[in-house]
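Structure file upload11.cif with mmCIF, C-alpha atoms:
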```
data_work
#
loop_
_atom_site.label_atom_id
_atom_site.label_comp_id
_atom_site.auth_asym_id
_atom_site.auth_seq_id
_atom_site.Cartn_x
_atom_site.Cartn_y
_atom_site.Cartn_z
CA MET A 1 43.42 -7.65 26.98
CA GLN A 2 40.87 -10.03 28.40
CA HIS A 3 39.19 -7.10 30.11
CA LYS A 4 38.80 -5.32 26.75
CA LYS A 5 37.38 -8.50 25.25
CA LEU A 6 34.84 -8.78 28.07
CA LEU A 7 33.83 -5.13 27.61
CA GLN A 8 33.51 -5.65 23.89
CA GLU A 9 31.38 -8.78 24.37
CA ARG A 10 29.22 -6.94 26.92
CA LYS A 11 28.68 -4.09 24.44
CA ILE A 12 27.70 -6.57 21.74
CA ILE A 13 25.26 -8.30 24.11
CA GLN A 14 23.81 -4.94 25.16
CA LEU A 15 23.46 -3.86 21.52
CA ALA A 16 21.83 -7.18 20.63
CA GLY A 17 19.45 -6.79 23.58
CA LEU A 18 18.62 -3.24 22.57
CA LEU A 19 17.95 -4.32 19.00
CA ALA A 20 15.74 -7.14 20.25
CA VAL A 21 13.74 -4.73 22.43
CA VAL A 22 13.39 -2.28 19.54
CA ALA A 23 12.26 -5.12 17.25
CA ILE A 24 9.69 -6.27 19.81
CA LEU A 25 8.40 -2.72 20.30
CA LEU A 26 8.10 -2.23 16.55
CA TRP A 27 6.21 -5.51 16.29
CA VAL A 28 3.88 -4.52 19.14
CA VAL A 29 3.12 -1.18 17.51
CA PHE A 30 2.94 -2.15 13.82
CA SER A 31 1.90 -5.81 13.77
CA PRO A 32 -0.83 -6.18 11.12
CA THR A 33 -2.88 -8.57 13.24
CA SER A 34 -2.40 -7.44 16.81
CA GLY A 35 -0.43 -4.20 16.84
CA LEU A 36 -1.45 -0.93 18.41
CA VAL A 37 -2.13 0.61 15.00
CA ARG A 38 -4.60 -2.19 14.22
CA PHE A 39 -6.09 -1.81 17.70
CA PHE A 40 -6.86 1.87 17.11
CA GLN A 41 -8.22 1.14 13.63
CA ALA A 42 -10.51 -1.52 15.09
CA ASN A 43 -11.72 0.89 17.79
CA GLU A 44 -12.49 3.53 15.18
CA GLU A 45 -14.29 0.99 13.02
CA GLN A 46 -16.28 -0.19 16.03
CA GLU A 47 -17.36 3.39 16.76
CA HIS A 48 -18.57 3.81 13.16
CA VAL A 49 -20.54 0.57 13.43
CA ARG A 50 -22.09 1.68 16.73
CA THR A 51 -23.14 5.00 15.20
CA ALA A 52 -24.61 3.26 12.15
CA ASN A 53 -26.42 0.83 14.43
CA GLN A 54 -27.94 3.66 16.48
CA ASN A 55 -29.08 5.40 13.28
CA LEU A 56 -30.67 2.19 12.03
CA GLN A 57 -32.40 1.65 15.37
CA GLN A 58 -33.87 5.17 15.20
CA GLU A 59 -34.98 4.63 11.61
CA ASN A 60 -36.50 1.28 12.59
CA THR A 61 -38.42 2.93 15.44
CA MET A 62 -39.77 5.63 13.11
CA LEU A 63 -40.80 3.05 10.52
CA GLN A 64 -42.51 0.94 13.18
CA GLN A 65 -44.43 4.01 14.36
CA GLU A 66 -45.48 4.71 10.76
CA VAL A 67 -46.64 1.10 10.36
CA ASN A 68 -48.66 1.40 13.57
CA ARG A 69 -50.27 4.62 12.36
CA LEU A 70 -51.09 3.07 8.98
CA GLU A 71 -52.64 0.05 10.67
CA ASN A 72 -54.58 1.89 13.37
CA ASP A 73 -55.14 5.56 12.52
CA PRO A 74 -57.88 6.28 9.97
CA ALA A 75 -56.66 9.86 9.51
CA THR A 76 -53.21 8.60 8.49
CA ILE A 77 -54.72 6.08 6.10
CA GLU A 78 -56.86 8.82 4.54
CA GLU A 79 -53.89 11.17 4.22
CA VAL A 80 -51.82 8.53 2.41
CA ALA A 81 -54.74 7.60 0.16
CA ARG A 82 -55.24 11.25 -0.81
CA LYS A 83 -51.57 12.23 -1.26
CA LYS A 84 -50.08 9.09 -2.78
CA PHE A 85 -53.03 7.70 -4.70
CA GLY A 86 -55.13 10.80 -5.40
CA PHE A 87 -58.25 9.42 -3.73
CA LEU A 88 -61.18 11.73 -3.11
CA LYS A 89 -63.95 11.64 -0.58
CA GLU A 90 -67.44 10.97 -1.77
CA ASN A 91 -68.95 14.04 -3.51
CA GLU A 92 -65.53 15.78 -3.71
CA ILE A 93 -64.42 17.33 -6.97
CA LEU A 94 -60.79 17.83 -7.89
CA TYR A 95 -59.84 20.92 -9.86
CA ASP A 96 -56.44 20.91 -11.52
CA PHE A 97 -55.15 24.44 -12.09
CA SER A 98 -51.70 23.46 -13.21
CA LYS A 99 -50.64 24.73 -16.59
CA LYS A 100 -50.36 22.06 -19.22
CA LYS A 101 -47.89 22.35 -22.05
#
```

Conversion result in structure tokens:
Amino acid sequence: MQHKKLLQERKIIQLAGLLAVVAILLWVVFSPTSGLVRFFQANEEQEHVRTANQNLQQENTMLQQEVNRLENDPATIEEVARKKFGFLKENEILYDFSKKK
């Protein structure tokens, strides 16, 4: 009888241990602050931020190049003055052939 009781207690202890291990594994995987799911979400978010950062760095480089051209290249300044502001060179005449309503 005592042998059966010992076996029964051992099974209960083993079951309790198994449940504890399962609970710990579930916590490790699904913990909202430090679980594996959050870890993978954070890695994915970090990759998106890196990509956005690279895109912004490229855009910044292009804008800096444009600023340099506008500050130092007379041809660029002239092009902008003509296209954006409609400036003309001296003795130039502008003909507008667009149809007006």

**Request:** Quote the spacing between atom CA of A:Pro32 and atom CA of A:Gln14 in Å to one decimal place.
**Result:** 28.4 Å

Could you write out as JSON the box around stretch 39-44 of chain A (axis-aligned, all atoms listed in the file, 5 Å on each side), with centre and edge lengths in Å to one decimal?
```
{"center_x": -9.3, "center_y": 0.9, "center_z": 15.7, "size_x": 16.4, "size_y": 15.3, "size_z": 14.2}
```

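Note that atom CA of A:Arg69 and atom CA of A:Ile93 are 27.1 Å apart.
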
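The two atoms in question, atom CA of A:Leu18 and atom CA of A:Lys5, are spaced 19.7 Å apart.
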
**Message:** Can you pull out the residues contacting stretch 77-89 of chain A? Cut-off 12 Å, using only C-alpha atoms, and skip same-chain residues under 6 positions away; I want them as a ChimeraX atom specification.
**Reply:** /A:66-71,95-96

Any chance you could export the current selection's C-alpha atoms as a PDB file, in the frame of the given file?
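Below is the file that was written, selection-v3.pdb:
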```pdb
ATOM      1  CA  GLU A  66     -45.480   4.710  10.760  1.00  0.00           C
ATOM      2  CA  VAL A  67     -46.640   1.100  10.360  1.00  0.00           C
ATOM      3  CA  ASN A  68     -48.660   1.400  13.570  1.00  0.00           C
ATOM      4  CA  ARG A  69     -50.270   4.620  12.360  1.00  0.00           C
ATOM      5  CA  LEU A  70     -51.090   3.070   8.980  1.00  0.00           C
ATOM      6  CA  GLU A  71     -52.640   0.050  10.670  1.00  0.00           C
ATOM      7  CA  TYR A  95     -59.840  20.920  -9.860  1.00  0.00           C
ATOM      8  CA  ASP A  96     -56.440  20.910 -11.520  1.00  0.00           C
TER       9      ASP A  96
END
```

Show me that you can extract stretch 4-101 of chain A, keeping C-alpha atoms, and write it as a PDB file, in the first residue's frame.
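Below is the file decode-v3.pdb, written as the result:
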```
ATOM      1  CA  LYS A   4       1.293   2.594  -4.292  1.00  0.00           C
ATOM      2  CA  LYS A   5       1.181   5.797  -2.276  1.00  0.00           C
ATOM      3  CA  LEU A   6       4.808   6.563  -3.151  1.00  0.00           C
ATOM      4  CA  LEU A   7       4.128   5.912  -6.842  1.00  0.00           C
ATOM      5  CA  GLN A   8       1.065   8.114  -6.697  1.00  0.00           C
ATOM      6  CA  GLU A   9       2.999  10.915  -4.985  1.00  0.00           C
ATOM      7  CA  ARG A  10       5.811  10.561  -7.533  1.00  0.00           C
ATOM      8  CA  LYS A  11       3.295  10.844 -10.391  1.00  0.00           C
ATOM      9  CA  ILE A  12       1.793  13.960  -8.811  1.00  0.00           C
ATOM     10  CA  ILE A  13       5.259  15.499  -8.391  1.00  0.00           C
ATOM     11  CA  GLN A  14       6.158  14.616 -11.987  1.00  0.00           C
ATOM     12  CA  LEU A  15       2.876  16.088 -13.249  1.00  0.00           C
ATOM     13  CA  ALA A  16       3.411  19.235 -11.185  1.00  0.00           C
ATOM     14  CA  GLY A  17       6.957  19.509 -12.557  1.00  0.00           C
ATOM     15  CA  LEU A  18       5.729  19.016 -16.104  1.00  0.00           C
ATOM     16  CA  LEU A  19       3.060  21.671 -15.632  1.00  0.00           C
ATOM     17  CA  ALA A  20       5.651  24.049 -14.195  1.00  0.00           C
ATOM     18  CA  VAL A  21       7.957  23.478 -17.185  1.00  0.00           C
ATOM     19  CA  VAL A  22       5.068  23.994 -19.614  1.00  0.00           C
ATOM     20  CA  ALA A  23       4.068  27.196 -17.780  1.00  0.00           C
ATOM     21  CA  ILE A  24       7.640  28.483 -17.919  1.00  0.00           C
ATOM     22  CA  LEU A  25       7.937  27.652 -21.625  1.00  0.00           C
ATOM     23  CA  LEU A  26       4.651  29.397 -22.357  1.00  0.00           C
ATOM     24  CA  TRP A  27       5.855  32.435 -20.420  1.00  0.00           C
ATOM     25  CA  VAL A  28       9.168  32.457 -22.304  1.00  0.00           C
ATOM     26  CA  VAL A  29       7.401  32.292 -25.652  1.00  0.00           C
ATOM     27  CA  PHE A  30       4.404  34.570 -25.055  1.00  0.00           C
ATOM     28  CA  SER A  31       5.499  37.029 -22.366  1.00  0.00           C
ATOM     29  CA  PRO A  32       4.387  40.512 -23.485  1.00  0.00           C
ATOM     30  CA  THR A  33       7.585  42.169 -22.298  1.00  0.00           C
ATOM     31  CA  SER A  34      10.335  39.643 -22.908  1.00  0.00           C
ATOM     32  CA  GLY A  35       8.900  36.672 -24.775  1.00  0.00           C
ATOM     33  CA  LEU A  36      10.086  35.259 -28.061  1.00  0.00           C
ATOM     34  CA  VAL A  37       7.059  36.662 -29.874  1.00  0.00           C
ATOM     35  CA  ARG A  38       7.948  40.170 -28.667  1.00  0.00           C
ATOM     36  CA  PHE A  39      11.587  39.528 -29.581  1.00  0.00           C
ATOM     37  CA  PHE A  40      10.683  38.733 -33.183  1.00  0.00           C
ATOM     38  CA  GLN A  41       8.317  41.712 -33.356  1.00  0.00           C
ATOM     39  CA  ALA A  42      11.091  43.978 -32.091  1.00  0.00           C
ATOM     40  CA  ASN A  43      13.531  42.580 -34.671  1.00  0.00           C
ATOM     41  CA  GLU A  44      11.035  43.189 -37.463  1.00  0.00           C
ATOM     42  CA  GLU A  45      10.371  46.710 -36.210  1.00  0.00           C
ATOM     43  CA  GLN A  46      14.104  47.360 -36.021  1.00  0.00           C
ATOM     44  CA  GLU A  47      14.517  46.247 -39.645  1.00  0.00           C
ATOM     45  CA  HIS A  48      11.763  48.647 -40.741  1.00  0.00           C
ATOM     46  CA  VAL A  49      13.458  51.481 -38.864  1.00  0.00           C
ATOM     47  CA  ARG A  50      16.823  50.637 -40.454  1.00  0.00           C
ATOM     48  CA  THR A  51      15.272  50.664 -43.925  1.00  0.00           C
ATOM     49  CA  ALA A  52      13.526  53.976 -43.248  1.00  0.00           C
ATOM     50  CA  ASN A  53      16.775  55.398 -41.908  1.00  0.00           C
ATOM     51  CA  GLN A  54      18.686  54.336 -45.038  1.00  0.00           C
ATOM     52  CA  ASN A  55      16.003  55.911 -47.244  1.00  0.00           C
ATOM     53  CA  LEU A  56      16.190  59.149 -45.266  1.00  0.00           C
ATOM     54  CA  GLN A  57      19.985  59.165 -45.503  1.00  0.00           C
ATOM     55  CA  GLN A  58      19.775  58.786 -49.289  1.00  0.00           C
ATOM     56  CA  GLU A  59      17.171  61.544 -49.509  1.00  0.00           C
ATOM     57  CA  ASN A  60      19.324  63.758 -47.290  1.00  0.00           C
ATOM     58  CA  THR A  61      22.340  63.162 -49.546  1.00  0.00           C
ATOM     59  CA  MET A  62      20.332  64.061 -52.658  1.00  0.00           C
ATOM     60  CA  LEU A  63      18.972  67.207 -51.012  1.00  0.00           C
ATOM     61  CA  GLN A  64      22.457  68.227 -49.893  1.00  0.00           C
ATOM     62  CA  GLN A  65      23.716  67.773 -53.456  1.00  0.00           C
ATOM     63  CA  GLU A  66      20.845  69.927 -54.725  1.00  0.00           C
ATOM     64  CA  VAL A  67      21.675  72.620 -52.156  1.00  0.00           C
ATOM     65  CA  ASN A  68      25.316  72.542 -53.267  1.00  0.00           C
ATOM     66  CA  ARG A  69      24.298  72.893 -56.912  1.00  0.00           C
ATOM     67  CA  LEU A  70      21.953  75.773 -56.104  1.00  0.00           C
ATOM     68  CA  GLU A  71      24.685  77.533 -54.142  1.00  0.00           C
ATOM     69  CA  ASN A  72      27.550  76.942 -56.583  1.00  0.00           C
ATOM     70  CA  ASP A  73      26.318  76.109 -60.096  1.00  0.00           C
ATOM     71  CA  PRO A  74      25.078  79.067 -62.165  1.00  0.00           C
ATOM     72  CA  ALA A  75      23.467  76.740 -64.711  1.00  0.00           C
ATOM     73  CA  THR A  76      21.342  75.139 -61.979  1.00  0.00           C
ATOM     74  CA  ILE A  77      20.357  78.536 -60.615  1.00  0.00           C
ATOM     75  CA  GLU A  78      19.351  79.661 -64.108  1.00  0.00           C
ATOM     76  CA  GLU A  79      17.356  76.486 -64.724  1.00  0.00           C
ATOM     77  CA  VAL A  80      15.394  76.930 -61.492  1.00  0.00           C
ATOM     78  CA  ALA A  81      14.816  80.621 -62.198  1.00  0.00           C
ATOM     79  CA  ARG A  82      13.461  79.815 -65.663  1.00  0.00           C
ATOM     80  CA  LYS A  83      11.315  76.780 -64.759  1.00  0.00           C
ATOM     81  CA  LYS A  84       9.950  77.754 -61.356  1.00  0.00           C
ATOM     82  CA  PHE A  85       9.766  81.512 -61.657  1.00  0.00           C
ATOM     83  CA  GLY A  86       9.431  82.056 -65.412  1.00  0.00           C
ATOM     84  CA  PHE A  87      12.498  84.288 -65.650  1.00  0.00           C
ATOM     85  CA  LEU A  88      13.838  85.203 -69.073  1.00  0.00           C
ATOM     86  CA  LYS A  89      17.272  86.194 -70.235  1.00  0.00           C
ATOM     87  CA  GLU A  90      17.823  89.714 -71.400  1.00  0.00           C
ATOM     88  CA  ASN A  91      16.325  90.300 -74.883  1.00  0.00           C
ATOM     89  CA  GLU A  92      14.365  86.996 -74.744  1.00  0.00           C
ATOM     90  CA  ILE A  93      10.717  86.961 -75.693  1.00  0.00           C
ATOM     91  CA  LEU A  94       8.262  84.384 -74.408  1.00  0.00           C
ATOM     92  CA  TYR A  95       5.525  83.187 -76.721  1.00  0.00           C
ATOM     93  CA  ASP A  96       2.614  81.360 -75.125  1.00  0.00           C
ATOM     94  CA  PHE A  97       0.884  79.052 -77.606  1.00  0.00           C
ATOM     95  CA  SER A  98      -1.380  77.373 -75.112  1.00  0.00           C
ATOM     96  CA  LYS A  99      -5.070  77.560 -75.851  1.00  0.00           C
ATOM     97  CA  LYS A 100      -6.992  79.764 -73.495  1.00  0.00           C
ATOM     98  CA  LYS A 101     -10.604  79.054 -72.658  1.00  0.00           C
TER      99      LYS A 101
END
```
